[in-house]
Amino acid sequence: MKDQFGRAIDYMRVSVTDRCNLRCVYCMPEEGVPAVVHQDILTFDEIARLCGIGVRLGITKIKLTGGEPLVRRGLPELLKMLKSLHGIEQVTLTTNGILLKEQINELVYNGLDSVNISIDTLDAERYKKVTRGGCVEKALEGLDAAAKFPDLRIKVNCVPLKDTDEEEYVQLALLAQSGKADVRFIEMMPIGMGKAFSGKSKDEICSILRKHFGEPEEYKEPLGNGPAVYVQFPGFRKRVGFISAVSHQFCGGCNRVRLTSEGYLKPCLQYGSGTDLREMLRSGASDEKICEEMRRVIYEKPACHQFAVKNNAGNTGEKDGRQAIDSMELEKKGMSRIGG
Ligand code: SAM
Ligand code: SF4
């Protein structure tokens, strides 16, 4: 369906847990987030029901995310349930890769279309520091296990931090050179713990990579479901991509909504607005009623985020729907609880 600004919404990011086996400094506090009790998390049947209703509204692609989705027991089973929904074209996964080696066979067997693996650096010490204790070897074993499936699209995602050594980006880009994965650099967003960090922009990363690999060509073919912009460096077998929500805002083409692990449907990452679908599910609402509520929230999706506004609290004063959002409440949850 189209929202109030004419954007076609066909992609839902579904968080299956708020828990994680890592503690990335910009995403989770060291002690972890207060655990949501099991009963408050949607069951697989509830998730599948909501995705099925989403299909009626034009959702065709689903991304499983978290927290760390692979810590939720039986995730391949959920994937199978979602893939069997008539109208769902793609189910993809975002993971830190730590548990991927053990689960990839079943995931692919059950129809996984593509996987994003978050690896901010290949340097073992830096990785340990950024993830507060993680082992990069494990994530790389997950990547290697996924790479054994030639039809599975793999993207490695890195959120560059200000103090990262240039060489670390070069090492990550080599994964694209060798053809193992597309490598994407995601700009730090001022969400949750991310507010306290500054990252590196597309232009900064690109100029570092240019020094090592030469002048890239813009890659124009559509790739994936999201806002990434891709380039191809000379001799590279795969692409390098950039997702720059802050410096190159792409809200005009946004095609997504989010469902948190507790069943809250969120139309935009930055705002707290949305609706509690779990309450409806558990109080016996019909599919039609839930569908109407989802339609309302999707239709009312805000025009744009305001990440670039200092402290996220200024007034943009423009007339294309932005004035209305200046008064909207900002999201208080961190990325791991929203399902980034
Ligand atoms: N645990 C999984 C993972 O790391 O891929 C899935 C959930 S994680 C929240 C999804 C993605 O969000 C990761 O690539 C992570 O690096 C990114 N992320 C987390 N906080 C962020 C922030 N403040 N700005 C930009 N990206 C962020
Ligand atoms: Fe966990 Fe992913 Fe957040 Fe890192 S970015 S703490 S792996 S949810």
# chains A, B, ... in the order shown; residues from 1 in each chain; ligands from 1
>>> select_by_dssp(residues="region 95-308 of chain A", states="helix (DSSP H, G or I)", output="ChimeraX atom specification")
/A:100-109,124-130,136-147,166-178,192-196,202-213,251-253,277-282,287-299
>>> residues_around(residues="Glu262 (chain A)", least_positions_apart="3", cutoff="9 Å", atoms="only C-alpha atoms", output="list in words")
Ser15, Val16, Thr17, Asp18, Val36, Asp40, Ile41, Leu42, Leu259, Asp276, Leu277 and Arg278 of chain A
>>> residues_around(residues="Gln171 (chain A)", least_positions_apart="2", cutoff="12 Å", atoms="only C-alpha atoms", output="tab-separated table (two decimals) with N, CA, C and O atoms, in the first residue's frame")
chain	number	residue	atom	x	y	z
A	119	ILE	N	29.88	-7.03	10.71
A	119	ILE	CA	31.27	-7.18	11.18
A	119	ILE	C	31.93	-5.81	11.03
A	119	ILE	O	32.20	-5.38	9.90
A	120	ASP	N	32.14	-5.14	12.13
A	120	ASP	CA	32.63	-3.76	12.05
A	120	ASP	C	34.12	-3.68	11.73
A	120	ASP	O	34.60	-2.65	11.26
A	121	THR	N	34.86	-4.73	12.08
A	121	THR	CA	36.29	-4.75	11.80
A	121	THR	C	36.76	-6.20	11.76
A	121	THR	O	36.18	-7.06	12.42
A	122	LEU	N	37.80	-6.45	10.97
A	122	LEU	CA	38.36	-7.81	10.92
A	122	LEU	C	39.50	-7.96	11.93
A	122	LEU	O	40.04	-9.05	12.10
A	123	ASP	N	39.88	-6.86	12.55
A	123	ASP	CA	40.96	-6.89	13.53
A	123	ASP	C	40.43	-7.49	14.84
A	123	ASP	O	39.49	-6.94	15.45
A	158	CYS	N	29.21	-2.81	8.07
A	158	CYS	CA	30.13	-2.20	9.04
A	158	CYS	C	29.62	-0.82	9.41
A	158	CYS	O	29.26	-0.03	8.53
A	165	ASP	N	41.04	2.73	12.47
A	165	ASP	CA	42.18	2.86	11.59
A	165	ASP	C	41.75	2.64	10.13
A	165	ASP	O	40.98	1.74	9.85
A	166	GLU	N	42.29	3.47	9.22
A	166	GLU	CA	41.92	3.38	7.80
A	166	GLU	C	42.07	1.96	7.26
A	166	GLU	O	41.28	1.47	6.47
A	167	GLU	N	43.14	1.30	7.70
A	167	GLU	CA	43.45	-0.04	7.20
A	167	GLU	C	42.29	-1.02	7.45
A	167	GLU	O	42.09	-1.96	6.68
A	168	GLU	N	41.51	-0.78	8.50
A	168	GLU	CA	40.41	-1.70	8.80
A	168	GLU	C	39.33	-1.66	7.71
A	168	GLU	O	38.73	-2.67	7.39
A	169	TYR	N	39.10	-0.47	7.13
A	169	TYR	CA	38.12	-0.37	6.04
A	169	TYR	C	38.65	-1.06	4.79
A	169	TYR	O	37.91	-1.67	4.04
A	173	ALA	N	36.97	-4.04	2.76
A	173	ALA	CA	36.66	-3.91	1.33
A	173	ALA	C	37.25	-5.07	0.53
A	173	ALA	O	36.71	-5.44	-0.52
A	174	LEU	N	38.32	-5.68	1.04
A	174	LEU	CA	38.92	-6.81	0.33
A	174	LEU	C	37.93	-7.99	0.22
A	174	LEU	O	38.05	-8.81	-0.68
A	175	LEU	N	36.96	-8.04	1.14
A	175	LEU	CA	35.95	-9.10	1.05
A	175	LEU	C	35.11	-8.92	-0.23
A	175	LEU	O	34.65	-9.89	-0.83
A	176	ALA	N	34.92	-7.67	-0.63
A	176	ALA	CA	34.20	-7.39	-1.87
A	176	ALA	C	35.11	-7.65	-3.07
A	176	ALA	O	34.68	-8.14	-4.11
A	177	GLN	N	36.41	-7.32	-2.89
A	177	GLN	CA	37.35	-7.55	-4.00
A	177	GLN	C	37.41	-9.04	-4.35
A	177	GLN	O	37.38	-9.43	-5.51
A	178	SER	N	37.48	-9.88	-3.31
A	178	SER	CA	37.61	-11.32	-3.54
A	178	SER	C	36.29	-11.97	-3.95
A	178	SER	O	36.26	-13.12	-4.37
A	183	VAL	N	30.13	-5.36	0.55
A	183	VAL	CA	30.50	-4.77	1.85
A	183	VAL	C	29.86	-3.39	1.94
A	183	VAL	O	30.01	-2.57	1.02
A	208	ILE	N	39.08	7.18	1.48
A	208	ILE	CA	40.08	6.23	1.98
A	208	ILE	C	40.21	5.07	0.97
A	208	ILE	O	41.32	4.67	0.58
A	209	LEU	N	39.08	4.54	0.54
A	209	LEU	CA	39.12	3.37	-0.35
A	209	LEU	C	39.66	3.74	-1.73
A	209	LEU	O	40.36	2.95	-2.37
A	212	HIS	N	43.35	3.45	-2.08
A	212	HIS	CA	43.88	2.08	-2.19
A	212	HIS	C	43.45	1.36	-3.46
A	212	HIS	O	44.19	0.53	-3.98
A	213	PHE	N	42.26	1.63	-3.91
A	213	PHE	CA	41.70	0.78	-4.97
A	213	PHE	C	41.41	1.53	-6.28
A	213	PHE	O	40.96	0.91	-7.23
>>> residues_around(residues="Ser114 (chain A)", least_positions_apart="4", cutoff="6 Å", atoms="only C-alpha atoms", output="PyMOL selection string")
chain A and resi 92+152-154
>>> residues_near_ligand(ligand="ligand 2", cutoff="10 Å", atoms="only C-alpha atoms and all ligand atoms", output="JSON, numbers by chain")
{"A": [17, 18, 19, 20, 21, 22, 23, 24, 25, 26, 27, 28, 29, 30, 32, 33, 65, 66, 67, 68, 69, 94, 95, 96, 97, 98, 117, 118, 119, 120, 130, 131, 132, 134, 158, 159, 193, 334, 335, 336, 337, 338, 339, 340]}
>>> closest_residue(among="A:Ser201, A:Ser84, A:Gln103, A:Asn110", to="ligand 1", atoms="only C-alpha atoms and all ligand atoms")
A:Ser201
>>> atom_distance(atom1="CA of Asp3 (chain A)", atom2="CA of Glu300 (chain A)")
6.4 Å
>>> select_by_dssp(residues="region 76-315 of chain A", states="strand (DSSP E)", output="number ranges by chain")
A: 90-95, 114-118, 153-158, 182-186, 217-219, 229-232, 240-243, 256-259, 264-266, 275-276
>>> write_last_selection(atoms="N, CA and C atoms", output="short mmCIF file (atom, residue, chain, number, x, y, z; two decimals), in the first residue's frame")
data_model
loop_
_atom_site.label_atom_id
_atom_site.label_comp_id
_atom_site.auth_asym_id
_atom_site.auth_seq_id
_atom_site.Cartn_x
_atom_site.Cartn_y
_atom_site.Cartn_z
N GLN A 90 10.37 -12.58 -0.32
CA GLN A 90 11.74 -12.72 0.22
C GLN A 90 11.71 -12.68 1.74
N VAL A 91 12.48 -13.58 2.34
CA VAL A 91 12.73 -13.46 3.78
C VAL A 91 14.25 -13.45 3.95
N THR A 92 14.74 -12.41 4.58
CA THR A 92 16.18 -12.23 4.72
C THR A 92 16.50 -12.08 6.22
N LEU A 93 17.79 -12.05 6.52
CA LEU A 93 18.21 -12.08 7.93
C LEU A 93 19.36 -11.09 8.14
N THR A 94 19.34 -10.43 9.28
CA THR A 94 20.49 -9.63 9.71
C THR A 94 21.02 -10.23 11.00
N THR A 95 22.30 -10.57 11.02
CA THR A 95 22.89 -11.26 12.16
C THR A 95 24.31 -10.78 12.40
N SER A 114 18.65 -14.10 1.64
CA SER A 114 19.87 -13.31 1.69
C SER A 114 20.22 -13.06 3.16
N VAL A 115 21.50 -12.85 3.43
CA VAL A 115 21.90 -12.62 4.82
C VAL A 115 22.85 -11.42 4.91
N ASN A 116 22.59 -10.58 5.89
CA ASN A 116 23.51 -9.48 6.21
C ASN A 116 24.28 -9.87 7.46
N ILE A 117 25.59 -9.77 7.41
CA ILE A 117 26.39 -10.12 8.58
C ILE A 117 27.12 -8.87 9.04
N SER A 118 26.89 -8.50 10.29
CA SER A 118 27.50 -7.27 10.81
C SER A 118 28.88 -7.56 11.37
N ARG A 153 22.68 -14.46 -1.32
CA ARG A 153 23.34 -13.15 -1.38
C ARG A 153 23.85 -12.79 0.02
N ILE A 154 25.11 -12.38 0.11
CA ILE A 154 25.70 -12.04 1.41
C ILE A 154 26.19 -10.60 1.39
N LYS A 155 25.81 -9.87 2.46
CA LYS A 155 26.32 -8.51 2.61
C LYS A 155 26.98 -8.42 3.98
N VAL A 156 28.15 -7.84 4.01
CA VAL A 156 28.80 -7.59 5.30
C VAL A 156 28.56 -6.12 5.63
N ASN A 157 28.03 -5.87 6.81
CA ASN A 157 27.72 -4.49 7.22
C ASN A 157 28.71 -4.01 8.27
N CYS A 158 29.21 -2.81 8.07
CA CYS A 158 30.13 -2.20 9.04
C CYS A 158 29.62 -0.82 9.41
N ASP A 182 29.17 -8.48 -0.72
CA ASP A 182 29.10 -7.03 -0.85
C ASP A 182 29.41 -6.46 0.52
N VAL A 183 30.13 -5.36 0.55
CA VAL A 183 30.50 -4.77 1.85
C VAL A 183 29.86 -3.39 1.94
N ARG A 184 29.14 -3.14 3.05
CA ARG A 184 28.42 -1.87 3.16
C ARG A 184 28.83 -1.12 4.42
N PHE A 185 28.97 0.16 4.26
CA PHE A 185 29.32 1.02 5.39
C PHE A 185 28.07 1.81 5.78
N ILE A 186 27.66 1.63 7.03
CA ILE A 186 26.41 2.24 7.50
C ILE A 186 26.74 3.39 8.45
N GLU A 217 33.33 2.97 -9.97
CA GLU A 217 32.21 3.35 -10.84
C GLU A 217 30.93 3.20 -10.05
N GLU A 218 30.00 4.12 -10.33
CA GLU A 218 28.69 4.00 -9.68
C GLU A 218 28.04 2.71 -10.17
N TYR A 219 27.40 1.97 -9.27
CA TYR A 219 26.73 0.73 -9.66
C TYR A 219 25.24 1.01 -9.71
N VAL A 229 23.57 2.82 -1.51
CA VAL A 229 24.10 3.28 -2.80
C VAL A 229 25.38 2.51 -3.02
N TYR A 230 25.54 1.90 -4.19
CA TYR A 230 26.69 1.02 -4.40
C TYR A 230 27.67 1.58 -5.42
N VAL A 231 28.94 1.24 -5.22
CA VAL A 231 29.98 1.55 -6.22
C VAL A 231 30.77 0.27 -6.46
N GLN A 232 31.47 0.25 -7.59
CA GLN A 232 32.31 -0.90 -7.90
C GLN A 232 33.73 -0.41 -8.16
N VAL A 240 30.85 -2.29 -3.15
CA VAL A 240 30.93 -1.61 -1.86
C VAL A 240 29.72 -0.67 -1.80
N GLY A 241 29.00 -0.71 -0.67
CA GLY A 241 27.79 0.11 -0.57
C GLY A 241 27.84 1.06 0.62
N PHE A 242 26.98 2.04 0.56
CA PHE A 242 26.92 3.04 1.64
C PHE A 242 25.46 3.29 2.01
N ILE A 243 25.19 3.27 3.30
CA ILE A 243 23.86 3.64 3.79
C ILE A 243 24.06 4.85 4.68
N ARG A 256 9.73 0.97 4.21
CA ARG A 256 9.69 -0.01 5.30
C ARG A 256 8.92 0.41 6.54
N VAL A 257 8.48 -0.61 7.27
CA VAL A 257 7.97 -0.44 8.63
C VAL A 257 8.66 -1.49 9.49
N ARG A 258 8.51 -1.34 10.80
CA ARG A 258 9.17 -2.25 11.73
C ARG A 258 8.18 -2.85 12.72
N LEU A 259 8.41 -4.12 13.03
CA LEU A 259 7.61 -4.79 14.06
C LEU A 259 8.58 -5.21 15.16
N TYR A 264 5.02 -4.29 18.60
CA TYR A 264 4.68 -2.87 18.35
C TYR A 264 5.04 -2.55 16.91
N LEU A 265 4.09 -2.07 16.15
CA LEU A 265 4.35 -1.72 14.75
C LEU A 265 4.80 -0.27 14.67
N LYS A 266 6.02 -0.06 14.14
CA LYS A 266 6.62 1.27 14.09
C LYS A 266 6.80 1.70 12.64
N THR A 275 1.73 1.33 16.91
CA THR A 275 0.56 0.73 17.55
C THR A 275 0.90 -0.63 18.15
N ASP A 276 0.22 -0.96 19.24
CA ASP A 276 0.48 -2.20 19.96
C ASP A 276 -0.37 -3.33 19.36
#
>>> closest_residue(among="A:Leu100, A:Leu330, A:Ile205, A:Leu64", to="ligand 1", atoms="only C-alpha atoms and all ligand atoms")
A:Leu64
>>> closest_residue(among="A:Leu269, A:Leu161, A:Ala228, A:Ala146", to="Arg126 (chain A)", atoms="only C-alpha atoms")
A:Leu161
>>> residues_around(residues="Ala48 (chain A)", least_positions_apart="5", cutoff="8 Å", atoms="only C-alpha atoms", output="list in words")
Leu78, Met81 and Leu82 of chain A
>>> write_last_selection(atoms="N, CA, C and O atoms", output="PDB file, in the first residue's frame")
ATOM      1  N   LEU A  78      10.639 -20.429  12.074  1.00  0.00           N
ATOM      2  CA  LEU A  78       9.882 -19.211  11.760  1.00  0.00           C
ATOM      3  C   LEU A  78      10.088 -18.829  10.297  1.00  0.00           C
ATOM      4  O   LEU A  78       9.142 -18.458   9.591  1.00  0.00           O
ATOM      5  N   MET A  81       7.923 -20.798   8.163  1.00  0.00           N
ATOM      6  CA  MET A  81       6.515 -20.370   8.242  1.00  0.00           C
ATOM      7  C   MET A  81       6.282 -19.119   7.387  1.00  0.00           C
ATOM      8  O   MET A  81       5.276 -18.997   6.689  1.00  0.00           O
ATOM      9  N   LEU A  82       7.234 -18.196   7.438  1.00  0.00           N
ATOM     10  CA  LEU A  82       7.054 -16.942   6.701  1.00  0.00           C
ATOM     11  C   LEU A  82       7.192 -17.171   5.197  1.00  0.00           C
ATOM     12  O   LEU A  82       6.459 -16.593   4.391  1.00  0.00           O
TER      13      LEU A  82
END
>>> residues_around(residues="Val55 (chain A)", least_positions_apart="5", cutoff="10 Å", atoms="only C-alpha atoms", output="VMD selection string")
chain A and resid 1 10 to 12 49 to 50 60 to 61 85 to 89 291
>>> write_last_selection(atoms="N, CA, C and O atoms", output="mmCIF file, in the first residue's frame")
data_model
loop_
_atom_site.group_PDB
_atom_site.id
_atom_site.type_symbol
_atom_site.label_atom_id
_atom_site.label_comp_id
_atom_site.auth_asym_id
_atom_site.auth_seq_id
_atom_site.Cartn_x
_atom_site.Cartn_y
_atom_site.Cartn_z
ATOM 1 N N MET A 1 0.829 -1.198 0.000
ATOM 2 C CA MET A 1 0.000 0.000 0.000
ATOM 3 C C MET A 1 0.872 1.260 0.000
ATOM 4 O O MET A 1 2.080 1.177 0.254
ATOM 5 N N ASP A 10 6.495 -1.940 1.170
ATOM 6 C CA ASP A 10 6.418 -3.378 0.863
ATOM 7 C C ASP A 10 7.399 -4.213 1.689
ATOM 8 O O ASP A 10 7.619 -5.383 1.415
ATOM 9 N N TYR A 11 8.012 -3.586 2.708
ATOM 10 C CA TYR A 11 9.110 -4.246 3.412
ATOM 11 C C TYR A 11 8.907 -4.083 4.921
ATOM 12 O O TYR A 11 8.706 -2.960 5.405
ATOM 13 N N MET A 12 8.911 -5.202 5.639
ATOM 14 C CA MET A 12 8.751 -5.113 7.100
ATOM 15 C C MET A 12 9.957 -5.772 7.771
ATOM 16 O O MET A 12 10.294 -6.923 7.492
ATOM 17 N N ARG A 49 1.122 -14.620 11.786
ATOM 18 C CA ARG A 49 -0.212 -14.067 11.537
ATOM 19 C C ARG A 49 -0.100 -12.597 11.106
ATOM 20 O O ARG A 49 -0.735 -12.165 10.141
ATOM 21 N N LEU A 50 0.722 -11.833 11.825
ATOM 22 C CA LEU A 50 0.862 -10.405 11.473
ATOM 23 C C LEU A 50 1.507 -10.232 10.092
ATOM 24 O O LEU A 50 1.117 -9.341 9.329
ATOM 25 N N THR A 60 5.799 -7.602 0.929
ATOM 26 C CA THR A 60 6.263 -8.791 0.184
ATOM 27 C C THR A 60 7.629 -9.256 0.664
ATOM 28 O O THR A 60 8.070 -10.337 0.311
ATOM 29 N N LYS A 61 8.312 -8.392 1.442
ATOM 30 C CA LYS A 61 9.670 -8.740 1.885
ATOM 31 C C LYS A 61 9.769 -8.580 3.388
ATOM 32 O O LYS A 61 9.313 -7.571 3.934
ATOM 33 N N LEU A 85 4.059 -18.215 3.439
ATOM 34 C CA LEU A 85 2.916 -17.289 3.309
ATOM 35 C C LEU A 85 2.769 -16.876 1.846
ATOM 36 O O LEU A 85 3.738 -16.385 1.234
ATOM 37 N N HIS A 86 1.597 -17.051 1.323
ATOM 38 C CA HIS A 86 1.353 -16.689 -0.068
ATOM 39 C C HIS A 86 1.505 -15.170 -0.221
ATOM 40 O O HIS A 86 0.830 -14.420 0.471
ATOM 41 N N GLY A 87 2.384 -14.729 -1.095
ATOM 42 C CA GLY A 87 2.595 -13.294 -1.293
ATOM 43 C C GLY A 87 3.927 -12.811 -0.749
ATOM 44 O O GLY A 87 4.377 -11.723 -1.102
ATOM 45 N N ILE A 88 4.548 -13.608 0.110
ATOM 46 C CA ILE A 88 5.882 -13.209 0.599
ATOM 47 C C ILE A 88 6.927 -13.653 -0.433
ATOM 48 O O ILE A 88 7.036 -14.828 -0.768
ATOM 49 N N GLU A 89 7.686 -12.681 -0.930
ATOM 50 C CA GLU A 89 8.661 -12.991 -1.976
ATOM 51 C C GLU A 89 10.049 -13.258 -1.412
ATOM 52 O O GLU A 89 10.826 -14.020 -1.979
ATOM 53 N N CYS A 291 -5.813 -5.611 10.465
ATOM 54 C CA CYS A 291 -5.431 -5.096 9.142
ATOM 55 C C CYS A 291 -5.744 -3.596 9.051
ATOM 56 O O CYS A 291 -4.931 -2.804 8.576
#
